[in-house]
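Shown next, in structure tokens, is the structure this report addresses.
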Amino acid sequence: EIITELRERLDFESTFIPAPAACSTPRSTQLHLARVSTESSDQFVVFDTIRSSICFQKAVADGWMNAIEAVAEVDSHRAIDIFVLFILHSISSRRKAVESLFCTKIRSRLFSEELMSTVFGSHTGALRGFFPSILSLCETLLCSSSPSIAAFATSLYQHVFGSFDVYCQQEVIGALITHIGSGMPSEIDHALDALGALVETQGKAMQRFAILIKGVLDYLEHLAVGQIRRLYQVLSVLAFSSLEEVSSVQDELHTLIRKQLSHTEAKYRRMGVMGAVMIVQQLARRRDVTDLTLQAASASQARDSTLPPARKKQAISMLDDVMRSCSHSPESSILFYDEMSSVVRKGTLDTAVLHYLGDEVTTKYQDTFLVESGDPLASDLGLPMQLAYSLDSAEEGSIAVNLLPLGMQQADRGQERGAGLRALPAHFRLLSSCERALSDNLEGIDALLGSPVVVCSKEKLETEVFEDLPITKRHDICLSLFHLLNWFRELVCAFAGEEDVDMRGKVVIRLQDITELQSQLESCMTATPGFLPPSVCAEEVTPPTARGRKGSKSSKGDTTAALSVTSATQNIDKDTTSLDKTASTATVSIDRIRPYFRELDLGSFAPLRYDPLSRTVMDSESRTKEQEELKLRPPQLLFLLRDLNDKLSSSLTAFGGKSMAARSSRSSTASYTTDQLVATMTKLMPALCEHLENSGAFFQAQIAESDGMLDVESGHQDFPVLCTCLHLLLRTMATFFAWSPLSDPHYEEQLWASVRAIAARTSQSSSQLQAALPHLARAAVKYLEQFSGFLPTLTSAHSLAKVLVALCKTCKAEHLKKPIAIACGSLLKRPWRAGESGSQRSEALDYLLRYHLEWADDPLALVESIAGEGVVELMGEEPQEESSAYPTLSTTTFPNYYRCMMAAVVSQVKAVPPPSKKTTPTAEVLTERFHLLEVSAKVLNILVNLVKSFDRRSVFVAVLKYGKQYVEAFLKSGMSVLSSLFRQRKDDVIALLKTLQQSTRNLQHFCSHSKVTKDITLTNHVPLLKKCLEMLLFRVKEMLTNHNCQEAFWVGNLKNRDIQGQEILSQVSQTSAGEDGDDESEAGDTNSTSTDRREPILSDED
């Protein structure tokens, strides 16, 4: 209590004068501390007294730890808390406890960035003496596997570097270099993040450590692609950030990168490419900007070249070197194009260098991939060809993409099959990036969006004709379809964000082409065993295991799927006949090669927001035939939603605002941050709601046509696709709103806008839409609840519940718990006939039951109702297959219900506060707690008795696990309540203990049964449960003794029995098998076996 009062009264926010920047030695720091102590002696004496008392008095240290640990609000933490924790961490015996407390507070988001800024911004002199301890804490936190803790350590390193003297700064750099050399991927990532942040914010101070940081190049071979990119970015900024040259670092970087570019091994060439790109980025950096993102960069901001001639020459020379080095390697070319396009999109390159790069890329692209559409097609390559997928008239489309001939010609010259096409998407990405950076639009290259492509004749793609082709030709066709898909994906990435209506219509058509081509490629892959495409991305892809749909075994030919394309095609011609015979009839899913496709960027999801478009379809005589509506169909919606959901699931994992650059080897992923991802989701939220309404309207119509029942086996072609779309729409919302940093002040505006977008779909007035976040959350929950009546699958119901729960938690709307519990109950009371997998159904039921019980007004009464009414229908002489009250409750799903009901009972007992010396509960509070314990004991007895009718292994595990937790919680909180009320309500207390005794006796029988079955999973729970039961026995005896009621208690020996009550005979008890089989004998009986347990007996008369 004293410490708590000290925390509230002491103001450490303005206690100390900041240390001067000139304090570069420990001696000068000591002089500064002396000056501070004379100017504010009272405050310094207080701090010194706290430090002395903590170091030499254990009770004081424990008190501070408990006081800080008890703080549960972020605004309640003070600067003195951090001071005290640093002092405690300097004590070796408390180091682990302090580190654990730091981790707990960080996970709970109670230590804010503002708090740490206050600590290091105002009290540098006082913290200097604890620098070794602070540095040790930083090192420990950075090694954590939790992203949030490691990100906090990264921020802490920055505060330490910016607050202390040169000696401390050197120690910080040394610690970060040690982390990079540790070999742990997550540790390396966060250490490079810290170095990068220090270079950006403390550039001048970091210059003096350039030689030291350069030593990290020794670890280059052991770093991943993204880590190499980040390291070269740090070194290039140090070497070229100003016109003042750091000659030694520059010379060594130039020498190393040129060696890597000319190396024969691909691994070293990749390093050289990334290093060269990072150097070009820094050399060609515009002098008039500091950091422009793609959204901020525009042609209007571009100025005349301000780059010194020497730097311009260096940048162009480096570009020539890297392009020349990559000219004969598709892998290196792809990496260069992707990395360079990411740099161009930042908008920081000088205009002169950008023009040079754009001219070079455009010229090479035209010479390599484009042909005149009027030129005759090649007829000597063994496959008939045609121009297809044209969206422009003959006059407009004068060029065509020479796709299939280019791939087959490369194969004929003995090179790797498809090598000429692998760089096509990446090359176009750089081309479009340069065009947008120079012109602020893509009008100069818009002809490529509607240009035709040279592909195989469609007659050869028919199933019967295709299967008769030689295996080499089938492989060529599959490869051409794969490259065509990537070409269209890259077109969508480039043009999806354009405002021109004609371009938007063409983007929608390209999306339709993508979904059709995916189905076509699946069909061709089924008839082409062993086909595996080459990688067209910057990162290496691990070949997946090939399997057909519905768990069918992979075909004999699919065993070659793990081989590279080169090795897979080396022996194609050896035995064509035998390969033809091994073709599998099982359909091969496109998911098998999904990692090989080009990744969509954030701009690709703009079509989700498109308004319906239309185009005029002309007949052969150029007369208007009809108006065709252009909008996203279910297959295209599914295509975009699946990719969006994958991005959210993989990206929203750490603190907000952190760049993905060090986490991913893909340059497209490296070009956006979580801030941009959150902003994209905020813009998409109204469109997601609209698609949700359209999907719901479809199922509502299906219900109306089926007389009020949703026919999951409907023959409608869009039914399965829309089922998945509805699930992904809800899952996308759930993933977004469940991201914990979304509730931070940093994202307050985006969260409010997102929830408001959902609330606006209801009949809310404009003034209501300006209300506080909890009110908007109520409207959003009400809007989403209306979809619960026509959800097609239990999986989609699970996703809907996740959205509701996430909104309640993120918006801190406690008043929504009851409506959400009712909504979960309504979903549980619906019959679900869809065929989800067992694990999906189990996960969904567990989630719905958890919040249906946990957030109910009276969870214990609800559990009693389900156990007493719903479960009873599954028992008896004529048991039903499922409960009428809860159709999701059946003999199959009973373990799920049982597990959740036991967990709900335990959580209610755990909610009873443990005894405290500070406060004494009133009689009304004690009576309320006693009633809760009384009902919980009754419900527990009902649940324990159900095990005898449902003796499954999963049920036994649940009753043993949660039975132990219940007894533990009862010992911790319940016994103090019984002891306090014993004199006033002795009969009620004894009656409660008798009810509890029936459950503990059955638990003892279950322990004996577990030993008989010799199931390790069950027996692992037995020792701890029996220990808790013994502790309960002695606590009851202690309570009765303290109240002079020993006569109400006597001890008997409980015999070993199975779950049906039959005695389990052992070597000793067999001698008395014919004796009376009562559960108890008088105290002191010596005929008990070694496994018998003493049981408290409460006499009725007392």
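Residues in the structure tokens are named by chain (A, B, ... in the order shown) and by number from 1 within that chain; ligands are numbered from 1 in the order shown.
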Run DSSP on the backbone of this structure and report the residues of segment 65-281 of chain A it assigns to alpha helix (DSSP H), as JSON, numbers by chain.
-> {"A": [65, 66, 67, 68, 69, 70, 79, 80, 81, 82, 83, 84, 85, 86, 87, 88, 89, 95, 96, 97, 98, 99, 100, 101, 102, 103, 104, 105, 106, 107, 113, 114, 115, 116, 117, 118, 119, 120, 121, 122, 124, 125, 126, 127, 131, 132, 133, 134, 135, 136, 137, 138, 139, 140, 141, 142, 147, 148, 149, 150, 151, 152, 153, 154, 155, 156, 157, 158, 159, 160, 161, 162, 163, 166, 167, 168, 169, 170, 171, 172, 173, 174, 175, 176, 177, 178, 179, 180, 185, 186, 187, 188, 189, 190, 191, 192, 193, 194, 195, 196, 197, 198, 199, 200, 201, 203, 204, 205, 206, 207, 210, 211, 212, 213, 214, 225, 226, 227, 228, 229, 230, 231, 232, 233, 234, 235, 236, 237, 238, 239, 240, 247, 248, 249, 250, 251, 252, 253, 254, 255, 256, 257, 258, 259, 260, 261, 266, 267, 268, 269, 270, 271, 272, 273, 274, 275, 276, 277, 278, 279, 280, 281]}
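Every protein, DNA or RNA residue with an atom at most 10 Å from Leu940 of chain A, where only C-alpha atoms count and chain neighbours fewer than 4 positions away do not, is listed here: A:Leu860, A:Val863, A:Glu864, A:Met901, A:Met902, A:Val905, A:Val906, A:Glu934, A:Val935, A:Ser936, A:Val944, A:Asn945, A:Leu946, A:Val959, A:Gly963, A:Tyr966, A:Thr995, A:Leu996, A:Gln998, A:Ser999, A:Thr1000.
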Nearby residues (only C-alpha atoms) at most 12 Å from Asp367 of chain A, same-chain spacing under 4 positions excluded, as a list in words = Glu360, Val361, Thr362, Thr363, Val371, Glu372, Ile399, Val401, Asn402 and Leu406 of chain A
Selected residues, all heavy atoms, written as a PDB file, in the first residue's frame, please.
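Resulting contents of selection_21.pdb:
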```
ATOM      1  N   GLU A 360      16.203   2.190 -71.355  1.00  0.00           N
ATOM      2  CA  GLU A 360      16.861   0.891 -71.494  1.00  0.00           C
ATOM      3  C   GLU A 360      15.853  -0.253 -71.346  1.00  0.00           C
ATOM      4  O   GLU A 360      15.868  -1.216 -72.127  1.00  0.00           O
ATOM      5  CB  GLU A 360      17.963   0.754 -70.441  1.00  0.00           C
ATOM      6  CG  GLU A 360      19.171   1.643 -70.669  1.00  0.00           C
ATOM      7  CD  GLU A 360      19.976   1.210 -71.879  1.00  0.00           C
ATOM      8  OE1 GLU A 360      20.117  -0.017 -72.089  1.00  0.00           O
ATOM      9  OE2 GLU A 360      20.450   2.086 -72.621  1.00  0.00           O
ATOM     10  N   VAL A 361      14.994  -0.162 -70.359  1.00  0.00           N
ATOM     11  CA  VAL A 361      14.024  -1.231 -70.106  1.00  0.00           C
ATOM     12  C   VAL A 361      13.019  -1.323 -71.244  1.00  0.00           C
ATOM     13  O   VAL A 361      12.665  -2.428 -71.693  1.00  0.00           O
ATOM     14  CB  VAL A 361      13.317  -0.981 -68.753  1.00  0.00           C
ATOM     15  CG1 VAL A 361      12.158  -1.948 -68.566  1.00  0.00           C
ATOM     16  CG2 VAL A 361      14.301  -1.125 -67.600  1.00  0.00           C
ATOM     17  N   THR A 362      12.537  -0.185 -71.719  1.00  0.00           N
ATOM     18  CA  THR A 362      11.547  -0.194 -72.802  1.00  0.00           C
ATOM     19  C   THR A 362      12.117  -0.793 -74.080  1.00  0.00           C
ATOM     20  O   THR A 362      11.473  -1.621 -74.750  1.00  0.00           O
ATOM     21  CB  THR A 362      11.050   1.235 -73.069  1.00  0.00           C
ATOM     22  OG1 THR A 362      10.511   1.789 -71.867  1.00  0.00           O
ATOM     23  CG2 THR A 362       9.994   1.246 -74.154  1.00  0.00           C
ATOM     24  N   THR A 363      13.316  -0.397 -74.437  1.00  0.00           N
ATOM     25  CA  THR A 363      13.936  -0.911 -75.660  1.00  0.00           C
ATOM     26  C   THR A 363      14.130  -2.419 -75.597  1.00  0.00           C
ATOM     27  O   THR A 363      13.798  -3.150 -76.548  1.00  0.00           O
ATOM     28  CB  THR A 363      15.295  -0.221 -75.882  1.00  0.00           C
ATOM     29  OG1 THR A 363      15.104   1.194 -75.980  1.00  0.00           O
ATOM     30  CG2 THR A 363      15.951  -0.738 -77.146  1.00  0.00           C
ATOM     31  N   VAL A 371       5.957  -8.548 -80.904  1.00  0.00           N
ATOM     32  CA  VAL A 371       6.008  -8.695 -82.357  1.00  0.00           C
ATOM     33  C   VAL A 371       4.829  -7.922 -82.947  1.00  0.00           C
ATOM     34  O   VAL A 371       3.893  -7.547 -82.238  1.00  0.00           O
ATOM     35  CB  VAL A 371       5.932 -10.177 -82.799  1.00  0.00           C
ATOM     36  CG1 VAL A 371       7.152 -10.941 -82.332  1.00  0.00           C
ATOM     37  CG2 VAL A 371       4.648 -10.819 -82.280  1.00  0.00           C
ATOM     38  N   GLU A 372       4.892  -7.670 -84.243  1.00  0.00           N
ATOM     39  CA  GLU A 372       3.770  -7.032 -84.924  1.00  0.00           C
ATOM     40  C   GLU A 372       2.634  -8.047 -85.067  1.00  0.00           C
ATOM     41  O   GLU A 372       2.860  -9.196 -85.435  1.00  0.00           O
ATOM     42  CB  GLU A 372       4.201  -6.538 -86.298  1.00  0.00           C
ATOM     43  CG  GLU A 372       5.248  -5.438 -86.249  1.00  0.00           C
ATOM     44  CD  GLU A 372       4.689  -4.145 -85.690  1.00  0.00           C
ATOM     45  OE1 GLU A 372       3.450  -3.951 -85.800  1.00  0.00           O
ATOM     46  OE2 GLU A 372       5.462  -3.335 -85.148  1.00  0.00           O
ATOM     47  N   ILE A 399       0.409  -4.597 -81.847  1.00  0.00           N
ATOM     48  CA  ILE A 399       1.480  -5.425 -81.283  1.00  0.00           C
ATOM     49  C   ILE A 399       0.870  -6.637 -80.624  1.00  0.00           C
ATOM     50  O   ILE A 399      -0.316  -6.668 -80.294  1.00  0.00           O
ATOM     51  CB  ILE A 399       2.317  -4.637 -80.251  1.00  0.00           C
ATOM     52  CG1 ILE A 399       1.423  -4.118 -79.116  1.00  0.00           C
ATOM     53  CG2 ILE A 399       3.072  -3.496 -80.909  1.00  0.00           C
ATOM     54  CD1 ILE A 399       2.198  -3.475 -77.978  1.00  0.00           C
ATOM     55  N   VAL A 401       2.104 -10.147 -77.900  1.00  0.00           N
ATOM     56  CA  VAL A 401       3.114 -10.761 -77.032  1.00  0.00           C
ATOM     57  C   VAL A 401       3.470 -12.120 -77.617  1.00  0.00           C
ATOM     58  O   VAL A 401       2.605 -13.005 -77.744  1.00  0.00           O
ATOM     59  CB  VAL A 401       2.599 -10.901 -75.591  1.00  0.00           C
ATOM     60  CG1 VAL A 401       3.660 -11.555 -74.715  1.00  0.00           C
ATOM     61  CG2 VAL A 401       2.209  -9.549 -75.027  1.00  0.00           C
ATOM     62  N   ASN A 402       4.715 -12.301 -77.959  1.00  0.00           N
ATOM     63  CA  ASN A 402       5.185 -13.506 -78.641  1.00  0.00           C
ATOM     64  C   ASN A 402       5.465 -14.602 -77.612  1.00  0.00           C
ATOM     65  O   ASN A 402       6.603 -14.991 -77.373  1.00  0.00           O
ATOM     66  CB  ASN A 402       6.452 -13.168 -79.439  1.00  0.00           C
ATOM     67  CG  ASN A 402       6.788 -14.244 -80.451  1.00  0.00           C
ATOM     68  OD1 ASN A 402       5.903 -14.945 -80.931  1.00  0.00           O
ATOM     69  ND2 ASN A 402       8.065 -14.370 -80.764  1.00  0.00           N
ATOM     70  N   LEU A 406       8.318 -17.940 -78.371  1.00  0.00           N
ATOM     71  CA  LEU A 406       9.528 -17.598 -77.637  1.00  0.00           C
ATOM     72  C   LEU A 406       9.941 -18.734 -76.707  1.00  0.00           C
ATOM     73  O   LEU A 406      11.119 -19.109 -76.660  1.00  0.00           O
ATOM     74  CB  LEU A 406       9.304 -16.311 -76.837  1.00  0.00           C
ATOM     75  CG  LEU A 406      10.506 -15.787 -76.051  1.00  0.00           C
ATOM     76  CD1 LEU A 406      11.653 -15.469 -77.005  1.00  0.00           C
ATOM     77  CD2 LEU A 406      10.114 -14.544 -75.253  1.00  0.00           C
TER      78      LEU A 406
END
```
Please identify all polymer residues within 12 Å of Pro376 of chain A, counting only C-alpha atoms, omitting same-chain residues fewer than 3 positions from it, and present them as an NGL selection string.
-> :A and (371-373 or 379-380 or 385-387 or 400 or 402 or 405 or 454)
Would you put the residues from that selection into a file with C-alpha atoms, as a PDB file, in the first residue's frame?
```pdb
ATOM      1  CA  VAL A 371       6.008  -8.695 -82.357  1.00  0.00           C
ATOM      2  CA  GLU A 372       3.770  -7.032 -84.924  1.00  0.00           C
ATOM      3  CA  SER A 373       0.302  -8.528 -84.806  1.00  0.00           C
ATOM      4  CA  SER A 379       4.471 -22.867 -88.427  1.00  0.00           C
ATOM      5  CA  ASP A 380       7.559 -25.019 -87.913  1.00  0.00           C
ATOM      6  CA  MET A 385      -0.696 -21.145 -83.102  1.00  0.00           C
ATOM      7  CA  GLN A 386      -3.118 -18.257 -83.072  1.00  0.00           C
ATOM      8  CA  LEU A 387      -3.543 -14.725 -81.770  1.00  0.00           C
ATOM      9  CA  ALA A 400       1.271  -8.883 -79.773  1.00  0.00           C
ATOM     10  CA  ASN A 402       5.185 -13.506 -78.641  1.00  0.00           C
ATOM     11  CA  PRO A 405       7.053 -19.255 -79.953  1.00  0.00           C
ATOM     12  CA  VAL A 454       0.475 -15.792 -79.459  1.00  0.00           C
TER      13      VAL A 454
END
```
Suppose you want the space between atom CA of Thr810 of chain A and atom CA of Glu69 of chain A; what is it in Å?
->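 Atom CA of Thr810 of chain A sits 23.3 Å away from atom CA of Glu69 of chain A.
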May I have the residues within 9 Å of Pro330 of chain A as a PDB file with all heavy atoms, in the first residue's frame, using only C-alpha atoms and disregarding those fewer than 4 positions away in the same chain?
```
ATOM      1  N   CYS A 326      23.227  -9.648 -65.579  1.00  0.00           N
ATOM      2  CA  CYS A 326      21.996 -10.439 -65.498  1.00  0.00           C
ATOM      3  C   CYS A 326      21.475 -10.881 -66.860  1.00  0.00           C
ATOM      4  O   CYS A 326      20.486 -11.624 -66.931  1.00  0.00           O
ATOM      5  CB  CYS A 326      20.902  -9.630 -64.800  1.00  0.00           C
ATOM      6  SG  CYS A 326      21.269  -9.196 -63.092  1.00  0.00           S
ATOM      7  N   ILE A 334      15.215 -11.606 -63.100  1.00  0.00           N
ATOM      8  CA  ILE A 334      13.967 -11.455 -62.345  1.00  0.00           C
ATOM      9  C   ILE A 334      14.220 -10.698 -61.051  1.00  0.00           C
ATOM     10  O   ILE A 334      13.469  -9.782 -60.684  1.00  0.00           O
ATOM     11  CB  ILE A 334      13.353 -12.844 -62.063  1.00  0.00           C
ATOM     12  CG1 ILE A 334      12.888 -13.499 -63.368  1.00  0.00           C
ATOM     13  CG2 ILE A 334      12.191 -12.730 -61.085  1.00  0.00           C
ATOM     14  CD1 ILE A 334      12.486 -14.950 -63.214  1.00  0.00           C
ATOM     15  N   LEU A 335      15.289 -11.072 -60.361  1.00  0.00           N
ATOM     16  CA  LEU A 335      15.607 -10.399 -59.101  1.00  0.00           C
ATOM     17  C   LEU A 335      15.896  -8.917 -59.332  1.00  0.00           C
ATOM     18  O   LEU A 335      15.417  -8.055 -58.575  1.00  0.00           O
ATOM     19  CB  LEU A 335      16.805 -11.086 -58.442  1.00  0.00           C
ATOM     20  CG  LEU A 335      17.255 -10.500 -57.107  1.00  0.00           C
ATOM     21  CD1 LEU A 335      16.143 -10.611 -56.061  1.00  0.00           C
ATOM     22  CD2 LEU A 335      18.515 -11.207 -56.601  1.00  0.00           C
ATOM     23  N   ALA A 419      12.896 -20.512 -70.533  1.00  0.00           N
ATOM     24  CA  ALA A 419      13.784 -19.502 -69.937  1.00  0.00           C
ATOM     25  C   ALA A 419      13.534 -18.123 -70.520  1.00  0.00           C
ATOM     26  O   ALA A 419      13.646 -17.110 -69.819  1.00  0.00           O
ATOM     27  CB  ALA A 419      15.246 -19.902 -70.150  1.00  0.00           C
ATOM     28  N   GLY A 420      13.167 -18.054 -71.808  1.00  0.00           N
ATOM     29  CA  GLY A 420      12.952 -16.755 -72.419  1.00  0.00           C
ATOM     30  C   GLY A 420      11.732 -16.023 -71.884  1.00  0.00           C
ATOM     31  O   GLY A 420      11.609 -14.811 -72.054  1.00  0.00           O
ATOM     32  N   LEU A 421      10.807 -16.744 -71.262  1.00  0.00           N
ATOM     33  CA  LEU A 421       9.586 -16.126 -70.776  1.00  0.00           C
ATOM     34  C   LEU A 421       9.596 -15.868 -69.277  1.00  0.00           C
ATOM     35  O   LEU A 421       8.708 -15.176 -68.771  1.00  0.00           O
ATOM     36  CB  LEU A 421       8.386 -17.032 -71.097  1.00  0.00           C
ATOM     37  CG  LEU A 421       8.032 -17.191 -72.576  1.00  0.00           C
ATOM     38  CD1 LEU A 421       6.915 -18.196 -72.740  1.00  0.00           C
ATOM     39  CD2 LEU A 421       7.626 -15.851 -73.166  1.00  0.00           C
ATOM     40  N   ARG A 422      10.533 -16.407 -68.567  1.00  0.00           N
ATOM     41  CA  ARG A 422      10.497 -16.311 -67.106  1.00  0.00           C
ATOM     42  C   ARG A 422      10.585 -14.868 -66.625  1.00  0.00           C
ATOM     43  O   ARG A 422       9.988 -14.506 -65.621  1.00  0.00           O
ATOM     44  CB  ARG A 422      11.632 -17.138 -66.500  1.00  0.00           C
ATOM     45  CG  ARG A 422      11.432 -18.632 -66.644  1.00  0.00           C
ATOM     46  CD  ARG A 422      12.604 -19.414 -66.081  1.00  0.00           C
ATOM     47  NE  ARG A 422      12.794 -19.136 -64.657  1.00  0.00           N
ATOM     48  CZ  ARG A 422      13.777 -19.660 -63.935  1.00  0.00           C
ATOM     49  NH1 ARG A 422      14.660 -20.459 -64.518  1.00  0.00           N
ATOM     50  NH2 ARG A 422      13.878 -19.371 -62.657  1.00  0.00           N
ATOM     51  N   ALA A 423      11.326 -14.034 -67.345  1.00  0.00           N
ATOM     52  CA  ALA A 423      11.494 -12.645 -66.913  1.00  0.00           C
ATOM     53  C   ALA A 423      10.419 -11.717 -67.457  1.00  0.00           C
ATOM     54  O   ALA A 423      10.442 -10.516 -67.165  1.00  0.00           O
ATOM     55  CB  ALA A 423      12.875 -12.133 -67.345  1.00  0.00           C
ATOM     56  N   VAL A 536       9.080 -17.802 -61.419  1.00  0.00           N
ATOM     57  CA  VAL A 536       9.159 -16.515 -62.088  1.00  0.00           C
ATOM     58  C   VAL A 536       9.199 -15.394 -61.052  1.00  0.00           C
ATOM     59  O   VAL A 536       8.953 -14.230 -61.376  1.00  0.00           O
ATOM     60  CB  VAL A 536       7.956 -16.312 -63.033  1.00  0.00           C
ATOM     61  CG1 VAL A 536       8.011 -17.291 -64.176  1.00  0.00           C
ATOM     62  CG2 VAL A 536       6.645 -16.429 -62.266  1.00  0.00           C
TER      63      VAL A 536
END
```
Please, which residues in segment 328-428 of chain A fall within 7 Å of segment 479-503 of chain A when counting only C-alpha atoms, and what is the closest atom pair and distance in Å to one decimal for each, ordered by chain then residue number, as a Markdown table?
```
| residue | atom | partner | partner_atom | distance |
| --- | --- | --- | --- | --- |
| A:Leu403 | CA | A:Ser480 | CA | 6.9 |
| A:Leu404 | CA | A:Ser480 | CA | 5.7 |
| A:Leu421 | CA | A:His483 | CA | 6.9 |
| A:Pro425 | CA | A:Trp487 | CA | 5.5 |
```
Surrounding residues of Ile50 of chain A excluding itself and chain neighbours under 6 positions, 12 Å, only C-alpha atoms, as a list in words |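 Contacts, with the query itself left out: Ile3, Leu6, Arg7, Leu10, Gln43, Phe44, Phe56, Gln57, Val60, Ala61, Gly63, Trp64, Ile80, Asp81, Phe83, Val84, Leu85, Ile87 and Leu88 of chain A.
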Save out the residues we just selected, N, CA and C atoms, as a compact mmCIF listing (two decimals), in the first residue's frame.
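Now in out_39.txt:
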```txt
# COMPACT_ATOMS: atom_id res chain seq x y z
N ILE A 3 3.91 1.52 -1.19
CA ILE A 3 4.55 1.65 -2.50
C ILE A 3 3.55 2.16 -3.53
N LEU A 6 3.29 5.76 -3.06
CA LEU A 6 4.48 6.44 -3.57
C LEU A 6 4.41 6.59 -5.09
N ARG A 7 3.98 5.55 -5.77
CA ARG A 7 3.87 5.61 -7.23
C ARG A 7 2.91 6.71 -7.66
N LEU A 10 4.70 10.41 -6.38
CA LEU A 10 5.99 10.85 -6.93
C LEU A 10 5.84 11.16 -8.42
N GLN A 43 14.57 15.58 -5.28
CA GLN A 43 14.15 14.49 -6.13
C GLN A 43 15.23 13.42 -6.27
N PHE A 44 16.47 13.85 -6.38
CA PHE A 44 17.55 12.87 -6.53
C PHE A 44 17.69 12.03 -5.27
N PHE A 56 18.87 -3.49 -0.93
CA PHE A 56 19.26 -4.08 0.35
C PHE A 56 18.08 -4.60 1.17
N GLN A 57 16.84 -4.38 0.73
CA GLN A 57 15.70 -4.88 1.48
C GLN A 57 14.80 -5.68 0.55
N VAL A 60 11.01 -4.66 0.27
CA VAL A 60 10.74 -3.49 -0.58
C VAL A 60 10.78 -3.87 -2.05
N ALA A 61 11.77 -4.68 -2.42
CA ALA A 61 11.87 -5.11 -3.82
C ALA A 61 10.63 -5.92 -4.22
N GLY A 63 7.70 -5.69 -2.89
CA GLY A 63 6.57 -4.77 -2.95
C GLY A 63 6.51 -4.01 -4.26
N TRP A 64 7.66 -3.54 -4.72
CA TRP A 64 7.69 -2.83 -6.00
C TRP A 64 7.29 -3.76 -7.15
N ILE A 80 8.54 6.06 -13.18
CA ILE A 80 9.23 5.45 -12.04
C ILE A 80 9.17 3.92 -12.11
N ASP A 81 8.13 3.38 -12.76
CA ASP A 81 8.04 1.92 -12.91
C ASP A 81 9.22 1.39 -13.72
N PHE A 83 12.13 2.90 -14.15
CA PHE A 83 13.34 3.09 -13.33
C PHE A 83 13.52 1.93 -12.36
N VAL A 84 12.48 1.61 -11.66
CA VAL A 84 12.57 0.55 -10.64
C VAL A 84 12.88 -0.79 -11.29
N LEU A 85 12.29 -1.06 -12.43
CA LEU A 85 12.57 -2.33 -13.10
C LEU A 85 14.02 -2.40 -13.57
N ILE A 87 16.49 -0.97 -12.03
CA ILE A 87 17.25 -1.22 -10.80
C ILE A 87 17.15 -2.69 -10.40
N LEU A 88 15.95 -3.23 -10.45
CA LEU A 88 15.76 -4.63 -10.09
C LEU A 88 16.52 -5.56 -11.05
```
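In terms of minimum interatomic distance to Ala126 of chain A, A:Ser163 ranks closest within A:Ser100, A:Ser163, A:Gln518, A:Gln314, counting only C-alpha atoms.
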Could you jot down the atom CA of Ser241 of chain A to atom CA of Ala205 of chain A separation for me, Å, one decimal place?
->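 That distance, rounded to one decimal, is 12.6 Å.
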The residue from A:Asp988, A:Asp643, A:Asp350, A:Asp468 with the smallest atom-to-atom distance to Arg311 of chain A, counting only C-alpha atoms, is A:Asp350
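Note that the spacing between atom CA of Leu613 of chain A and atom CA of Lys631 of chain A amounts to 6.3 Å.
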